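Single-structure report; data block below.
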Amino acid sequence: MKVLILFLSCLCATSPLRAQERLTVTDALRQLYSGYDPDKSTAQWTCTKEQEMNGPHQGRPCWKEYATVRVTSVLLAEVAEDGTDKVYLVASAKPATSPENYDCHACAPAIGVAVFVAQEGNWALQSANPAVGFYGGWGSPPFVDLVKIGPDKRGVLLFDEDNHGGFASSYKILLVPFGRTVAEAWGIQDEQDNTGAYDLTDKLNKQVPYRSAAAFRFNTTHSDEGSIADYYDVELISRGDVSNDLVHLKPENWTEVYRFKDGKYRLLSHKNSIEIAIPHHQPQKRPKPKPTDP
């Protein structure tokens, strides 16, 4: 009997802790949205402070007809940060019922983000915001990607765009978990042009064609103590021209650096660039040889 008790004690001591189960989309959405119904993919919407304001604002009006929203999971990714497993959820929410089925140019869904951390076999909600902002159009969210913004930090990058009347523009928006919430930490208009609205054959048209584009990257930075900082810097390089009045061009040739502080990427430096055309080198002509005397 003593041997049996010893065997059971050893078996319990060497038994591993309860394995971490994968977080399902349904469980994640239930924690992000109030009254989430997985059978109908709907939830009950709580209006943001901005929606409750009078006058123009981002997103849809705070109407009771929009109280029920249709929720869609856009991204669910499990990663490791600081030696701990985490799950990032990105979702969109739009009115479940509306006169035009919420299918218009300006019909942007609300983008929500939640971050869960593995904790004793469960997934604890670490940061969450069901309405970081309204992005996209025609009732659909923009393309999203999970990017590294530090050695052990990640953010959600949105690829938004707008096309109307021949004018095109695109935007990059970075959503970052900070404390218990998730907020827009940085955003740029990285491309714009009027090529679809400009007619080269129209001799009476005084408009000028324009186009500008910007590229950015994340760079490692160091803290005041010399160690690698928790968040990377953002370096933004812009080239091209734009026009506010469609007649005069304004050069957009500059480089900017943004640094993360207090939940936002803030402008650290701005440097204008001047592009100078280098004259094409023309090879010198060799003189013709003089005829020699006989």
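If you're wondering about the labels, chains in the structure tokens are A, B, ... by order shown, residues count from 1 in each chain, ligands from 1 in order shown.
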
_Give me the residues near region 29-45 of chain A as a ChimeraX atom specification, where near means some atom within 10 Å (using only C-alpha atoms) and where sequence neighbours in that chain fewer than 3 positions away do not count._
/A:24-26,48,62,64,66-73,89-91,93-96,112-116,124-125,127-131

Per-residue nearest contacts region 130-181 of chain A to region 100-111 of chain A, cut-off 9 Å, using only C-alpha atoms, as CSV:
residue,atom,partner,partner_atom,distance
A:Pro130,CA,A:Ile111,CA,6.7
A:Ala131,CA,A:Ala110,CA,5.4
A:Val132,CA,A:Ile111,CA,5.8
A:Gly133,CA,A:Ala110,CA,5.7
A:Phe134,CA,A:Ala110,CA,4.4
A:Tyr135,CA,A:Ala108,CA,5.2
A:Gly136,CA,A:Ala108,CA,4.9
A:Gly137,CA,A:Ala108,CA,4.4
A:Trp138,CA,A:Asp103,CA,4.5
A:Gly139,CA,A:Cys107,CA,5.2
A:Ser140,CA,A:Pro109,CA,6.4
A:Pro141,CA,A:Pro109,CA,6.2
A:Asp162,CA,A:His105,CA,8.8
A:His164,CA,A:His105,CA,8.9

Contacts of Glu78 (chain A) at 8 Å (only C-alpha atoms; same-chain gap of 2+ positions) as a PDB file with C-alpha atoms, in the first residue's frame:
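What landed in result.pdb:
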ATOM      1  CA  LEU A  76      -6.120  36.584 -35.078  1.00  0.00           C
ATOM      2  CA  ALA A  80       5.608  35.580 -28.227  1.00  0.00           C
ATOM      3  CA  ASP A  85       2.483  34.002 -25.415  1.00  0.00           C
ATOM      4  CA  LYS A  86       0.039  36.651 -26.595  1.00  0.00           C
ATOM      5  CA  VAL A  87      -2.860  36.772 -29.031  1.00  0.00           C
ATOM      6  CA  TYR A  88      -3.745  39.817 -31.130  1.00  0.00           C
TER       7      TYR A  88
END

*Enter the distance from CA of Val247 (chain A) to CA of Val208 (chain A), in Å, rounded to one decimal.*
5.5 Å

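By chain and then residue number, the residues within 10 Å of Phe167 (chain A) are Asp162, Asn163, His164, Gln192, Asp193, Asn194, Thr195, Gly196, Ala197 and Tyr198 of chain A, counting only C-alpha atoms and disregarding those fewer than 3 positions away in sequence.
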
_DSSP strand (DSSP E) residues within region 147-223 of chain A, listed as a ChimeraX atom specification_ = /A:147-150,153-164,167-178,181-193,211-219

_Nearby residues (only C-alpha atoms) at most 7 Å from Gly150 (chain A), same-chain spacing under 2 positions excluded, as a PyMOL selection string_ = chain A and resi 148+152-154+230-232

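Between CA of Val147 (chain A) and CA of His222 (chain A) lies a distance of 19.6 Å.
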
Excluding Thr255 (chain A) and its own-chain neighbours fewer than 4 positions away, which residues fall within 8 Å of it when counting only C-alpha atoms? Please give them as a PDB file with N, CA, C and O atoms, in the first residue's frame.
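Output saved as part-v2.pdb:
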ATOM      1  N   GLU A 235      11.158  56.180 -39.472  1.00  0.00           N
ATOM      2  CA  GLU A 235      11.779  57.102 -40.423  1.00  0.00           C
ATOM      3  C   GLU A 235      10.916  57.163 -41.678  1.00  0.00           C
ATOM      4  O   GLU A 235      10.621  56.134 -42.288  1.00  0.00           O
ATOM      5  N   LEU A 236      10.509  58.363 -42.048  1.00  0.00           N
ATOM      6  CA  LEU A 236       9.608  58.575 -43.176  1.00  0.00           C
ATOM      7  C   LEU A 236      10.310  59.424 -44.226  1.00  0.00           C
ATOM      8  O   LEU A 236      10.821  60.504 -43.922  1.00  0.00           O
ATOM      9  N   ILE A 237      10.344  58.944 -45.484  1.00  0.00           N
ATOM     10  CA  ILE A 237      10.981  59.660 -46.581  1.00  0.00           C
ATOM     11  C   ILE A 237       9.940  59.931 -47.653  1.00  0.00           C
ATOM     12  O   ILE A 237       9.288  59.004 -48.137  1.00  0.00           O
ATOM     13  N   SER A 238       9.765  61.212 -48.008  1.00  0.00           N
ATOM     14  CA  SER A 238       8.752  61.612 -48.986  1.00  0.00           C
ATOM     15  C   SER A 238       9.423  62.211 -50.216  1.00  0.00           C
ATOM     16  O   SER A 238      10.407  62.948 -50.111  1.00  0.00           O
ATOM     17  N   HIS A 270      12.567  67.005 -38.746  1.00  0.00           N
ATOM     18  CA  HIS A 270      12.099  67.197 -40.119  1.00  0.00           C
ATOM     19  C   HIS A 270      13.239  67.834 -40.908  1.00  0.00           C
ATOM     20  O   HIS A 270      13.796  68.849 -40.485  1.00  0.00           O
ATOM     21  N   LYS A 271      13.550  67.274 -42.067  1.00  0.00           N
ATOM     22  CA  LYS A 271      14.647  67.780 -42.888  1.00  0.00           C
ATOM     23  C   LYS A 271      14.195  67.814 -44.334  1.00  0.00           C
ATOM     24  O   LYS A 271      13.835  66.789 -44.905  1.00  0.00           O
ATOM     25  N   ASN A 272      14.186  69.015 -44.923  1.00  0.00           N
ATOM     26  CA  ASN A 272      13.818  69.159 -46.326  1.00  0.00           C
ATOM     27  C   ASN A 272      14.954  68.705 -47.222  1.00  0.00           C
ATOM     28  O   ASN A 272      16.137  68.803 -46.872  1.00  0.00           O
ATOM     29  N   SER A 273      14.585  68.233 -48.392  1.00  0.00           N
ATOM     30  CA  SER A 273      15.565  67.794 -49.379  1.00  0.00           C
ATOM     31  C   SER A 273      15.354  68.579 -50.666  1.00  0.00           C
ATOM     32  O   SER A 273      14.225  68.958 -51.000  1.00  0.00           O
TER      33      SER A 273
END
